[in-house]
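Visitor: Hey, dropping start01.txt in here, compact mmCIF, C-alpha atoms and all ligand atoms:
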```txt
# COMPACT_ATOMS: atom_id res chain seq x y z
CA MET A 25 13.85 -17.57 59.86
CA ASP A 26 10.19 -17.54 58.97
CA PHE A 27 8.22 -20.70 58.26
CA GLU A 28 5.06 -18.84 57.27
CA LEU A 29 3.96 -17.55 53.88
CA SER A 30 4.10 -13.80 53.29
CA PRO A 31 0.67 -12.05 53.23
CA GLN A 32 0.84 -11.93 49.39
CA GLN A 33 1.68 -15.62 49.15
CA ALA A 34 -1.12 -16.50 51.58
CA GLU A 35 -3.59 -14.40 49.56
CA PHE A 36 -2.45 -16.11 46.35
CA ARG A 37 -2.83 -19.53 47.99
CA ASP A 38 -6.38 -18.68 49.07
CA LEU A 39 -7.26 -17.64 45.51
CA ILE A 40 -6.00 -20.94 44.04
CA ARG A 41 -7.58 -22.92 46.90
CA GLU A 42 -10.96 -21.34 46.26
CA PHE A 43 -10.70 -21.99 42.51
CA ALA A 44 -9.82 -25.67 43.13
CA ARG A 45 -12.63 -26.05 45.66
CA ARG A 46 -15.21 -24.40 43.42
CA SER A 47 -14.30 -25.59 39.93
CA ILE A 48 -12.16 -28.74 40.19
CA ALA A 49 -13.18 -30.73 43.27
CA PRO A 50 -16.89 -31.14 42.36
CA VAL A 51 -16.15 -32.70 38.95
CA ALA A 52 -12.84 -34.48 39.62
CA ARG A 53 -14.08 -37.99 40.37
CA GLU A 54 -16.60 -38.20 37.54
CA TRP A 55 -14.43 -36.59 34.85
CA GLU A 56 -11.35 -38.59 35.88
CA LEU A 57 -13.18 -41.90 35.72
CA SER A 58 -14.81 -41.10 32.38
CA GLY A 59 -11.54 -39.88 30.84
CA ARG A 60 -13.15 -36.56 29.87
CA TYR A 61 -10.80 -33.68 28.97
CA PRO A 62 -11.31 -30.83 31.49
CA ALA A 63 -11.75 -28.08 28.87
CA GLU A 64 -13.86 -25.83 31.14
CA ILE A 65 -11.19 -25.94 33.88
CA VAL A 66 -8.51 -25.07 31.31
CA ASP A 67 -10.59 -22.05 30.20
CA GLU A 68 -10.86 -20.85 33.78
CA MET A 69 -7.13 -21.30 34.32
CA LYS A 70 -6.55 -19.15 31.23
CA LYS A 71 -8.77 -16.39 32.64
CA MET A 72 -6.91 -16.56 35.97
CA GLY A 73 -3.57 -16.12 34.18
CA LEU A 74 -2.23 -19.46 35.47
CA PHE A 75 -0.53 -20.32 32.17
CA GLY A 76 1.66 -17.25 32.63
CA VAL A 77 2.86 -17.77 36.21
CA LEU A 78 6.50 -18.14 35.11
CA VAL A 79 6.35 -15.57 32.28
CA PRO A 80 7.89 -12.13 32.96
CA ASP A 81 5.47 -9.17 33.20
CA GLU A 82 6.75 -7.58 30.01
CA TYR A 83 5.40 -10.56 28.04
CA GLY A 84 2.04 -10.59 29.83
CA GLY A 85 2.79 -13.04 32.64
CA SER A 86 2.87 -12.70 36.41
CA ALA A 87 6.35 -14.20 37.13
CA VAL A 88 5.41 -15.45 40.59
CA ASP A 89 8.09 -16.55 43.06
CA ALA A 90 8.96 -20.26 43.29
CA VAL A 91 7.16 -20.70 46.64
CA SER A 92 3.93 -19.41 45.08
CA TYR A 93 4.59 -21.64 42.08
CA ALA A 94 4.77 -24.70 44.36
CA ILE A 95 1.56 -23.58 46.07
CA VAL A 96 -0.35 -23.52 42.75
CA PHE A 97 0.48 -27.22 42.35
CA GLU A 98 -0.29 -28.14 45.94
CA GLU A 99 -3.72 -26.51 45.91
CA ILE A 100 -4.77 -27.87 42.51
CA SER A 101 -3.51 -31.38 43.34
CA LYS A 102 -5.54 -31.45 46.54
CA ALA A 103 -8.54 -31.50 44.22
CA TRP A 104 -7.18 -33.37 41.16
CA MET A 105 -3.51 -33.94 40.39
CA GLY A 106 -4.14 -34.49 36.66
CA ILE A 107 -5.07 -30.81 36.27
CA ALA A 108 -1.66 -29.82 37.62
CA GLY A 109 -0.15 -31.73 34.69
CA ILE A 110 -1.78 -29.31 32.24
CA LEU A 111 0.14 -26.42 33.82
CA GLY A 112 3.38 -28.19 34.83
CA SER A 113 5.35 -28.79 31.65
CA HIS A 114 3.68 -25.79 29.94
CA SER A 115 5.08 -23.49 32.61
CA LEU A 116 8.53 -25.11 32.36
CA ALA A 117 8.55 -24.45 28.62
CA THR A 118 7.80 -20.77 29.35
CA TRP A 119 10.53 -20.74 32.00
CA MET A 120 13.08 -22.04 29.47
CA LEU A 121 12.00 -19.53 26.83
CA ALA A 122 12.17 -16.64 29.31
CA ARG A 123 15.57 -17.71 30.55
CA TYR A 124 17.32 -19.02 27.46
CA GLY A 125 15.31 -17.74 24.48
CA THR A 126 16.71 -15.04 22.21
CA PRO A 127 14.87 -11.68 22.42
CA GLY A 128 13.10 -12.57 19.16
CA GLN A 129 12.00 -15.97 20.48
CA ARG A 130 10.69 -14.45 23.68
CA ARG A 131 8.68 -11.81 21.78
CA ARG A 132 7.35 -14.36 19.34
CA TRP A 133 6.13 -17.03 21.72
CA LEU A 134 5.83 -15.83 25.31
CA PRO A 135 2.77 -13.52 25.02
CA GLY A 136 0.59 -16.31 23.54
CA LEU A 137 1.84 -18.86 26.06
CA ALA A 138 1.26 -16.44 28.98
CA THR A 139 -2.46 -16.19 28.27
CA GLY A 140 -2.83 -19.90 27.53
CA GLU A 141 -4.06 -19.06 24.03
CA HIS A 142 -1.06 -21.12 22.99
CA ARG A 143 -0.05 -24.18 24.98
CA SER A 144 3.15 -26.12 25.43
CA GLY A 145 4.91 -29.03 27.14
CA ILE A 146 8.39 -30.56 27.06
CA ALA A 147 9.52 -33.41 24.82
CA LEU A 148 12.61 -35.10 26.23
CA THR A 149 11.84 -38.79 26.85
CA GLU A 150 12.14 -41.36 24.06
CA PRO A 151 11.13 -45.01 23.87
CA GLY A 152 14.80 -45.95 24.38
CA ALA A 153 15.96 -43.21 26.78
CA GLY A 154 14.40 -41.52 29.81
CA SER A 155 16.79 -41.13 32.73
CA ASP A 156 19.74 -41.34 30.34
CA LEU A 157 18.84 -38.34 28.20
CA GLN A 158 22.28 -38.33 26.56
CA GLY A 159 21.19 -41.64 25.02
CA ILE A 160 18.39 -40.09 22.90
CA SER A 161 18.39 -40.83 19.20
CA THR A 162 16.24 -38.02 17.74
CA VAL A 163 18.52 -36.26 15.29
CA ALA A 164 18.34 -32.77 13.75
CA ARG A 165 20.51 -32.48 10.64
CA ARG A 166 21.27 -28.99 9.36
CA GLU A 167 20.24 -28.30 5.78
CA GLY A 168 20.58 -24.65 4.71
CA ALA A 169 18.34 -22.47 6.90
CA ASP A 170 16.56 -25.49 8.42
CA TYR A 171 17.04 -28.56 10.55
CA ILE A 172 15.62 -31.86 9.34
CA VAL A 173 14.38 -33.72 12.41
CA ASN A 174 13.84 -37.49 12.61
CA GLY A 175 12.95 -39.49 15.71
CA ALA A 176 10.26 -40.23 18.28
CA LYS A 177 9.35 -39.08 21.78
CA THR A 178 7.06 -40.76 24.25
CA TRP A 179 5.06 -39.97 27.40
CA ILE A 180 4.77 -36.35 26.32
CA THR A 181 2.28 -34.56 28.56
CA ASN A 182 0.02 -32.06 26.73
CA ALA A 183 1.32 -33.25 23.33
CA ARG A 184 -2.12 -33.20 21.70
CA HIS A 185 -2.94 -29.70 22.96
CA ALA A 186 0.50 -28.16 22.47
CA ASP A 187 0.92 -25.44 19.85
CA LEU A 188 4.65 -25.45 20.44
CA LEU A 189 6.99 -28.06 21.94
CA PRO A 190 10.61 -27.73 23.02
CA VAL A 191 12.12 -30.96 21.68
CA LEU A 192 15.49 -32.33 22.80
CA VAL A 193 17.49 -33.42 19.75
CA LYS A 194 21.03 -34.30 18.74
CA THR A 195 22.39 -31.62 16.45
CA ASP A 196 25.74 -33.43 16.47
CA ALA A 197 25.33 -37.15 17.11
CA ARG A 198 29.11 -37.69 17.21
CA ALA A 199 29.96 -34.99 19.78
CA GLU A 200 32.02 -35.96 22.81
CA PRO A 201 31.03 -35.43 25.55
CA ARG A 202 27.59 -36.26 24.15
CA HIS A 203 25.77 -33.33 25.75
CA ARG A 204 27.77 -30.91 23.57
CA GLY A 205 25.84 -32.23 20.59
CA MET A 206 22.40 -31.75 22.16
CA SER A 207 20.01 -28.86 21.52
CA LEU A 208 16.40 -27.85 22.08
CA LEU A 209 14.32 -27.02 19.03
CA MET A 210 11.01 -25.22 19.40
CA ILE A 211 8.74 -27.18 17.07
CA GLU A 212 5.30 -25.83 16.22
CA ALA A 213 2.21 -27.98 15.80
CA GLY A 214 1.27 -28.22 12.15
CA THR A 215 4.88 -28.37 10.97
CA LEU A 216 5.08 -30.92 8.16
CA GLY A 217 6.54 -34.18 9.45
CA PHE A 218 5.46 -33.56 13.08
CA SER A 219 2.68 -35.82 14.33
CA VAL A 220 1.16 -36.86 17.64
CA GLY A 221 0.55 -40.61 18.04
CA LYS A 222 -1.74 -42.41 20.40
CA ASP A 223 -2.51 -41.36 23.94
CA LEU A 224 -0.92 -43.82 26.34
CA ASP A 225 -3.20 -45.71 28.70
CA LYS A 226 -2.13 -45.09 32.26
CA LEU A 227 -2.85 -45.95 35.88
CA GLY A 228 -3.71 -42.41 36.99
CA TYR A 229 -2.76 -38.84 36.07
CA LYS A 230 -5.87 -38.67 33.91
CA GLY A 231 -7.31 -35.43 32.59
CA THR A 232 -4.12 -34.57 30.78
CA GLU A 233 -2.95 -36.70 27.91
CA SER A 234 0.46 -38.40 27.69
CA ALA A 235 1.23 -39.23 24.09
CA GLU A 236 3.79 -40.33 21.58
CA VAL A 237 5.23 -37.75 19.19
CA PHE A 238 6.90 -38.50 15.86
CA PHE A 239 9.22 -36.52 13.61
CA THR A 240 9.68 -37.67 10.04
CA ASP A 241 11.86 -35.42 7.89
CA CYS A 242 10.36 -32.57 9.89
CA ARG A 243 11.76 -29.26 8.62
CA VAL A 244 12.33 -26.74 11.43
CA PRO A 245 13.78 -23.26 10.77
CA VAL A 246 17.17 -22.58 12.37
CA GLU A 247 15.67 -19.58 14.20
CA ASN A 248 13.69 -22.09 16.32
CA LEU A 249 16.90 -23.29 18.02
CA LEU A 250 16.42 -22.27 21.67
CA GLY A 251 18.93 -19.54 22.52
CA GLY A 252 20.36 -19.61 18.99
CA GLU A 253 23.36 -21.73 19.92
CA GLU A 254 23.80 -25.47 19.42
CA GLY A 255 25.03 -27.73 22.22
CA ARG A 256 23.13 -26.07 25.09
CA GLY A 257 19.99 -28.22 25.06
CA LEU A 258 20.74 -30.73 27.78
CA GLN A 259 21.82 -28.07 30.25
CA GLN A 260 18.74 -25.95 29.40
CA ALA A 261 16.45 -28.95 29.93
CA LEU A 262 18.12 -30.09 33.15
CA SER A 263 17.96 -26.65 34.72
CA ALA A 264 14.24 -26.48 33.83
CA LEU A 265 13.73 -29.86 35.52
CA GLU A 266 15.64 -28.64 38.58
CA PHE A 267 13.13 -25.77 38.84
CA GLY A 268 10.23 -28.04 37.93
CA ARG A 269 10.85 -30.39 40.83
CA VAL A 270 9.19 -27.93 43.20
CA ASN A 271 6.05 -28.33 41.09
CA ILE A 272 6.22 -32.11 41.47
CA ALA A 273 6.95 -31.78 45.19
CA GLY A 274 4.00 -29.35 45.50
CA ARG A 275 1.72 -31.84 43.76
CA ALA A 276 2.86 -34.61 46.12
CA VAL A 277 2.19 -32.42 49.16
CA GLY A 278 -1.27 -31.63 47.78
CA VAL A 279 -2.24 -35.27 47.18
CA ALA A 280 -0.81 -36.30 50.58
CA GLN A 281 -2.75 -33.50 52.32
CA ALA A 282 -5.93 -34.60 50.56
CA CYS A 283 -5.32 -38.17 51.75
CA LEU A 284 -4.94 -36.91 55.31
CA ASP A 285 -8.08 -34.73 55.07
CA ARG A 286 -10.20 -37.61 53.74
CA ALA A 287 -8.76 -40.03 56.32
CA LEU A 288 -9.53 -37.61 59.18
CA ASP A 289 -13.13 -37.16 58.01
CA TYR A 290 -13.69 -40.85 57.52
CA ALA A 291 -12.08 -41.93 60.81
CA ARG A 292 -14.41 -39.65 62.75
CA GLN A 293 -17.62 -40.80 61.10
CA ARG A 294 -16.96 -44.54 60.60
CA GLN A 295 -18.17 -46.64 63.52
CA ALA A 296 -16.73 -50.02 64.54
CA PHE A 297 -17.13 -51.91 67.81
CA GLY A 298 -19.55 -49.24 68.99
CA ARG A 299 -17.36 -46.19 68.52
CA PRO A 300 -15.71 -44.05 65.80
CA ILE A 301 -12.56 -45.74 64.45
CA ALA A 302 -10.79 -42.42 65.24
CA ASP A 303 -10.84 -43.58 68.88
CA PHE A 304 -8.55 -46.51 68.12
CA GLN A 305 -4.90 -45.89 68.75
CA ALA A 306 -3.91 -47.81 65.61
CA ILE A 307 -5.79 -45.22 63.52
CA GLN A 308 -4.40 -42.29 65.54
CA LEU A 309 -0.83 -43.47 64.93
CA LYS A 310 -1.41 -43.46 61.18
CA LEU A 311 -3.03 -40.01 61.23
CA ALA A 312 -0.26 -38.53 63.38
CA ASP A 313 2.47 -39.90 61.10
CA MET A 314 0.66 -38.68 58.00
CA ALA A 315 0.18 -35.17 59.39
CA THR A 316 3.82 -34.93 60.49
CA GLU A 317 5.15 -36.17 57.16
CA VAL A 318 2.88 -33.90 55.09
CA GLN A 319 4.02 -30.84 57.03
CA ALA A 320 7.69 -31.88 56.78
CA ALA A 321 7.29 -32.34 53.00
CA ARG A 322 5.60 -28.94 52.68
CA LEU A 323 8.38 -27.17 54.57
CA LEU A 324 11.05 -28.99 52.54
CA THR A 325 9.27 -27.86 49.37
CA TRP A 326 9.10 -24.23 50.48
CA TRP A 327 12.78 -24.41 51.54
CA ALA A 328 13.77 -25.70 48.09
CA ALA A 329 11.59 -23.08 46.39
CA ALA A 330 13.15 -20.34 48.55
CA ALA A 331 16.61 -21.52 47.45
CA LEU A 332 15.49 -21.13 43.82
CA ASP A 333 14.14 -17.66 44.61
CA ALA A 334 17.51 -16.74 46.10
CA GLY A 335 19.04 -17.57 42.70
CA LYS A 336 21.16 -20.37 44.15
CA ARG A 337 21.99 -23.65 42.50
CA ALA A 338 19.31 -25.80 44.12
CA ASP A 339 19.55 -29.31 42.69
CA LEU A 340 20.16 -30.73 46.18
CA GLU A 341 17.23 -28.85 47.69
CA THR A 342 14.72 -29.49 44.90
CA GLY A 343 15.89 -33.10 44.67
CA MET A 344 15.35 -33.66 48.39
CA ALA A 345 11.93 -31.98 48.32
CA LYS A 346 10.68 -34.00 45.36
CA LEU A 347 12.14 -37.26 46.70
CA TYR A 348 10.71 -36.91 50.19
CA ALA A 349 7.34 -35.43 49.22
CA SER A 350 6.66 -38.11 46.61
CA GLU A 351 7.63 -40.96 48.94
CA ILE A 352 5.42 -39.74 51.78
CA CYS A 353 2.64 -39.14 49.27
CA ILE A 354 2.71 -42.80 48.19
CA LYS A 355 2.69 -43.82 51.84
CA ALA A 356 -0.14 -41.42 52.74
CA SER A 357 -2.28 -42.70 49.87
CA LEU A 358 -1.87 -46.28 51.10
CA GLU A 359 -2.57 -45.35 54.72
CA ALA A 360 -5.67 -43.35 53.74
CA MET A 361 -6.88 -46.42 51.84
CA ARG A 362 -6.29 -48.67 54.86
CA ILE A 363 -8.20 -46.25 57.09
CA HIS A 364 -11.12 -46.39 54.64
CA GLY A 365 -11.19 -50.19 54.85
CA GLY A 366 -13.02 -51.77 51.91
CA TYR A 367 -14.49 -48.42 50.84
CA GLY A 368 -10.98 -47.15 50.11
CA TYR A 369 -10.89 -49.60 47.24
CA SER A 370 -14.08 -48.23 45.74
CA THR A 371 -14.21 -45.62 42.97
CA GLU A 372 -16.94 -43.94 45.07
CA TYR A 373 -14.19 -42.55 47.30
CA ASP A 374 -11.41 -40.17 46.26
CA VAL A 375 -8.64 -42.08 48.05
CA GLU A 376 -8.73 -44.70 45.28
CA ARG A 377 -7.74 -41.96 42.77
CA PHE A 378 -5.08 -40.55 45.11
CA TYR A 379 -3.56 -44.04 45.35
CA ARG A 380 -3.37 -44.25 41.53
CA ASP A 381 -2.01 -40.70 41.14
CA ALA A 382 0.66 -40.83 43.85
CA PRO A 383 3.36 -42.98 42.12
CA LEU A 384 3.70 -40.57 39.20
CA MET A 385 5.47 -38.06 41.44
CA ALA A 386 8.20 -40.64 42.13
CA ILE A 387 8.80 -41.01 38.37
CA GLY A 388 8.29 -37.66 36.62
CA GLU A 389 11.04 -35.06 36.25
CA GLY A 390 13.71 -37.53 37.40
CA THR A 391 12.98 -40.85 39.09
CA ASN A 392 13.59 -40.87 42.81
CA ASP A 393 16.62 -43.14 42.45
CA ILE A 394 18.18 -40.76 39.93
CA LEU A 395 17.53 -37.93 42.41
CA ARG A 396 19.17 -39.95 45.16
CA THR A 397 22.32 -40.13 42.99
CA VAL A 398 22.17 -36.34 42.42
CA ILE A 399 21.82 -35.72 46.17
CA ALA A 400 24.69 -38.10 46.96
CA ARG A 401 26.99 -36.36 44.45
CA ARG A 402 26.26 -33.00 46.08
CA LEU A 403 26.93 -34.51 49.52
CA TYR A 404 30.33 -35.83 48.39
CA ARG A 405 31.25 -32.45 46.94
CA ALA A 406 30.20 -30.59 50.09
CA HIS A 407 32.10 -33.10 52.21
CA ASP A 408 35.27 -32.67 50.11
CA GLU A 409 35.02 -28.88 50.38
CA GLU A 410 34.72 -29.08 54.16
CA SER A 411 37.59 -31.50 54.70
C1 LIG A 501 2.51 -40.03 33.16
C2 LIG A 501 3.87 -39.62 32.68
C3 LIG A 501 4.06 -38.35 32.12
C4 LIG A 501 5.32 -38.01 31.61
N1 LIG A 501 5.46 -36.77 31.00
C5 LIG A 501 6.63 -36.51 30.35
C6 LIG A 501 6.78 -35.31 29.57
O1 LIG A 501 5.87 -34.47 29.49
N2 LIG A 501 7.93 -35.12 28.90
C7 LIG A 501 8.95 -36.01 28.95
O2 LIG A 501 9.97 -35.76 28.29
N3 LIG A 501 8.86 -37.13 29.69
C8 LIG A 501 7.72 -37.41 30.38
N4 LIG A 501 7.61 -38.57 31.11
C9 LIG A 501 8.71 -39.51 31.12
C10 LIG A 501 9.47 -39.55 32.45
O3 LIG A 501 10.18 -38.37 32.62
C11 LIG A 501 10.35 -40.81 32.40
O4 LIG A 501 9.48 -41.93 32.45
C12 LIG A 501 11.35 -40.85 33.54
O5 LIG A 501 12.32 -39.84 33.36
C13 LIG A 501 12.06 -42.21 33.61
O6 LIG A 501 12.54 -42.60 32.38
P1 LIG A 501 12.22 -44.07 31.83
O7 LIG A 501 10.75 -44.27 31.92
O8 LIG A 501 12.85 -44.19 30.48
O9 LIG A 501 12.90 -45.06 32.84
P2 LIG A 501 14.42 -45.59 32.81
O10 LIG A 501 15.35 -44.45 32.61
O11 LIG A 501 14.50 -46.70 31.84
O12 LIG A 501 14.57 -46.15 34.28
C14 LIG A 501 14.07 -47.43 34.68
C15 LIG A 501 14.50 -47.68 36.12
O13 LIG A 501 15.94 -47.72 36.18
C16 LIG A 501 16.40 -46.77 37.13
N5 LIG A 501 17.67 -46.19 36.69
C17 LIG A 501 18.01 -45.77 35.45
N6 LIG A 501 19.25 -45.27 35.44
C18 LIG A 501 19.72 -45.37 36.72
C19 LIG A 501 20.94 -45.00 37.37
N7 LIG A 501 21.95 -44.42 36.71
N8 LIG A 501 21.05 -45.24 38.69
C20 LIG A 501 20.04 -45.81 39.39
N9 LIG A 501 18.86 -46.18 38.83
C21 LIG A 501 18.70 -45.94 37.52
C22 LIG A 501 15.30 -45.71 37.24
O14 LIG A 501 15.34 -45.04 38.49
C23 LIG A 501 14.06 -46.57 37.09
O15 LIG A 501 13.76 -47.15 38.33
C24 LIG A 501 6.39 -38.91 31.69
C25 LIG A 501 6.20 -40.16 32.29
C26 LIG A 501 4.96 -40.52 32.77
C27 LIG A 501 4.78 -41.89 33.38
```
Show me, as structure tokens, the structure contained in the file I just sent.
Guide:
Amino acid sequence: MDFELSPQQAEFRDLIREFARRSIAPVAREWELSGRYPAEIVDEMKKMGLFGVLVPDEYGGSAVDAVSYAIVFEEISKAWMGIAGILGSHSLATWMLARYGTPGQRRRWLPGLATGEHRSGIALTEPGAGSDLQGISTVARREGADYIVNGAKTWITNARHADLLPVLVKTDARAEPRHRGMSLLMIEAGTLGFSVGKDLDKLGYKGTESAEVFFTDCRVPVENLLGGEEGRGLQQALSALEFGRVNIAGRAVGVAQACLDRALDYARQRQAFGRPIADFQAIQLKLADMATEVQAARLLTWWAAAALDAGKRADLETGMAKLYASEICIKASLEAMRIHGGYGYSTEYDVERFYRDAPLMAIGEGTNDILRTVIARRLYRAHDEES
């Protein structure tokens, strides 16, 4: 058992860390507060090949292991979590195409997505259905060589910048069980009847847009059905989310680590009652808990990622990692704010942004309560098998 990164993983981490330190950290506060789109950072991520981290070599990607994948999100989120959002659902779309796409679909879309010349996201959530994806109402009706898609999606990250979106639809709205009637259609920007609505105002997670998407008699060729077979969409989407949870866990570890780093710095330089506040035991208790929880979350994330790399079913592991890391991240952001006193509430200090960014990780890619139900189901099954 080895709790350290391999030399290659450590080298990769250092590369991403240096990029985040040099190109993201210096602009994060100002660009986040102004709502500016980080186009220059996106261009640099393209040059670094970060849009292709889950694309196989043969299509121009680097197909990194899941531990390295989690590290990309930790390092970027230490500087600015919103930037991680630009890569997160894009890379899951590439993962789904690589895993479930037909050879023709992989050849057609993966090379452009690997370089970042083309961008993507994932469109699952609807105004009336998020956790209960089987309750979606976007319908794709077959008409000759096309599907006619009608419906709406919401909260779609990268929607405005996506050239291609995997969209969860019902190809058979009467199917029982309902998931047998669900499919993913790859819908290209510019397709008649496909439009992006307004960007949603949000607490944090700025930098990347979250938008509504509408389909009105949108005609999509049958060859855009992911994998070429109807009825597979929900399973394809859920397995992508299972993988994606290590990206959310990685982001949570990154934000929590940044909270700890800022709190350590501040505690040592802020004076009260004639000495640094770091001398007070009440502050030390907070710092010690934060450091312990951040490291536990990191190891849980690497453990879950290693289970994915071993090709195992890992919904328990990735669920636990995302659940724990996001909860300790929320706690760390609040503790860092307390340690900063009144300044923690000021936009002059990064901990204010960390506090606004932290709750997203408890919502995205499965709310924490939904994950608790997934974990409990796996526990029951394991218990039954043992007894
Ligand atoms: C900033 C942001 C970006 C996002 N990006 C994307 C994206 O790119 N693509 C995309 O498809 N979606 C995206 N989402 C949507 C996100 O995945 C959903 O918000 C999330 O899955 C929860 O769905 P919901 O909002 O409909 O909440 P609901 O499903 O309505 O849940 C409301 C509450 O009820 C609880 N609940 C529901 N069912 C159960 C149950 N069975 N047991 C216990 N508790 C339950 C939930 O835990 C939650 O607390 C994004 C959301 C945000 C905020």
Visitor: For a cut-off of 12 Å around (-14.0, -43.8, 44.1), file coordinates, pick out all residues using all atoms listed in the file and list them as number ranges by chain.
Guide: A: 52-57, 361, 364, 366-380
Visitor: Restricting the calculation to all atoms listed in the file: of A:Lys194, A:Lys70, A:Arg130, A:Arg396, which residue gets closest to ligand LIG 501 (chain A)?
Guide: A:Arg396
Visitor: For ligand LIG 501 (chain A), list the contacting residues at 8 Å or closer, counting all atoms listed in the file, as a VMD selection string.
Guide: chain A and resid 113 145 to 156 177 to 183 226 228 to 229 234 384 387 to 394 397
Visitor: Between CA of Ala330 in chain A and CA of Tyr348 in chain A, what is the spacing in Å?
Guide: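 Taking CA of Tyr348 in chain A as the start and CA of Ala330 in chain A as the end point, the length is 16.8 Å.
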Visitor: Nearest to Ile399 in chain A: which of A:Ser350, A:Thr342, A:Ser219, A:Ser357 is it, counting only C-alpha atoms?
Guide: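 Counting only C-alpha atoms, the residue closest to Ile399 in chain A is A:Thr342.
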Visitor: Please identify all polymer residues within 7 Å of Gly221 in chain A, counting all atoms listed in the file, omitting same-chain residues fewer than 4 positions from it, and present them as a ChimeraX atom specification.
Guide: /A:235-237
Visitor: Kindly save the residues from that selection, with C-alpha atoms included, as a compact mmCIF listing (two decimals), in the coordinates of the input.
Guide:
```
# COMPACT_ATOMS: atom_id res chain seq x y z
CA ALA A 235 1.23 -39.23 24.09
CA GLU A 236 3.79 -40.33 21.58
CA VAL A 237 5.23 -37.75 19.19
```
Visitor: Skipping near chain neighbours, those fewer than 2 positions away, what residues fall within 12 Å of Asp285 in chain A using all atoms listed in the file, listed as a list in words?
Guide: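 Returned residues: Lys102, Ala103, Gly278, Val279, Ala280, Gln281, Ala282, Cys283, Ala287, Leu288, Asp289, Tyr290, Ala291, Arg292, Leu311, Met314, Ala315, Val318, Ala356, Ser357, Glu359, Ala360, Ile363, Asp374, Val375 and Phe378 of chain A.
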Visitor: I'd like a table as a tab-separated table: residues in range 204-231 of chain A with an atom no more than 12 Å from range 118-122 of chain A, each row giving the shortest atom pair and its distance in Å to one decimal, all atoms listed in the file counted, sorted by chain and rising residue number.
Guide:
```
residue	atom	partner	partner_atom	distance
A:Leu208	CA	A:Met120	CA	10.0
A:Leu209	CA	A:Leu121	CA	11.1
A:Met210	CA	A:Leu121	CA	9.4
```
Visitor: Could you save those same residues with C-alpha atoms as a tab-separated table (two decimals), in the frame of the given file?
Guide:
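Resulting contents of again_22.tsv:
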```tsv
chain	number	residue	atom	x	y	z
A	208	LEU	CA	16.40	-27.85	22.08
A	209	LEU	CA	14.32	-27.02	19.03
A	210	MET	CA	11.01	-25.22	19.40
```
Visitor: Quote the spacing between CA of Ala276 in chain A and CA of Gly112 in chain A in Å to one decimal place.
Guide: 13.0 Å
Visitor: Could you work out how far CA of Val270 in chain A lies from CA of Arg322 in chain A, giving the answer in Å with one decimal?
Guide: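 Separation of CA of Arg322 in chain A and CA of Val270 in chain A: 10.2 Å.
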Visitor: Which residues, written as a list in words, have at least one atom at most 12 Å from Arg123 in chain A, with all atoms listed in the file counted and residues fewer than 2 positions away on the same chain left out?
Guide: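 Answer for this query is Leu78, Val79, Pro80, Ala87, Leu116, Ala117, Thr118, Trp119, Met120, Leu121, Gly125, Thr126, Pro127, Gln129, Arg130, Leu134, Leu250, Gly251, Gln260, Ala261, Ser263, Ala264 and Phe267 of chain A.
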Visitor: Which residue is closest to Leu249 in chain A? Choose from A:Arg166, A:Arg41, A:Arg362, A:Arg405 and count all atoms listed in the file.
Guide: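 Ranking A:Arg166, A:Arg41, A:Arg362, A:Arg405 by distance to Leu249 in chain A, first place goes to A:Arg166.
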Visitor: Residues within 6 Å of Thr240 in chain A, please, as a list in words. Count all atoms listed in the file; anything in the same chain fewer than 2 positions from it doesn't count.
Guide: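 Those residues are Asn174, Gly217 and Cys242 of chain A.
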Visitor: Create the file for the chosen residues now, containing C-alpha atoms and written as a short mmCIF file (atom, residue, chain, number, x, y, z; two decimals), keeping the file's coordinate frame.
Guide:
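Listed below is the output, out.cif:
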```cif
data_model
loop_
_atom_site.label_atom_id
_atom_site.label_comp_id
_atom_site.auth_asym_id
_atom_site.auth_seq_id
_atom_site.Cartn_x
_atom_site.Cartn_y
_atom_site.Cartn_z
CA ASN A 174 13.84 -37.49 12.61
CA GLY A 217 6.54 -34.18 9.45
CA CYS A 242 10.36 -32.57 9.89
#
```
Visitor: For range 44-48 of chain A, find every residue with an atom within 12 Å (counting all atoms listed in the file), except residues of its own chain fewer than 3 positions away, and show them as a ChimeraX atom specification.
Guide: /A:37-41,51-56,62-69,72,95-108,231,278,282
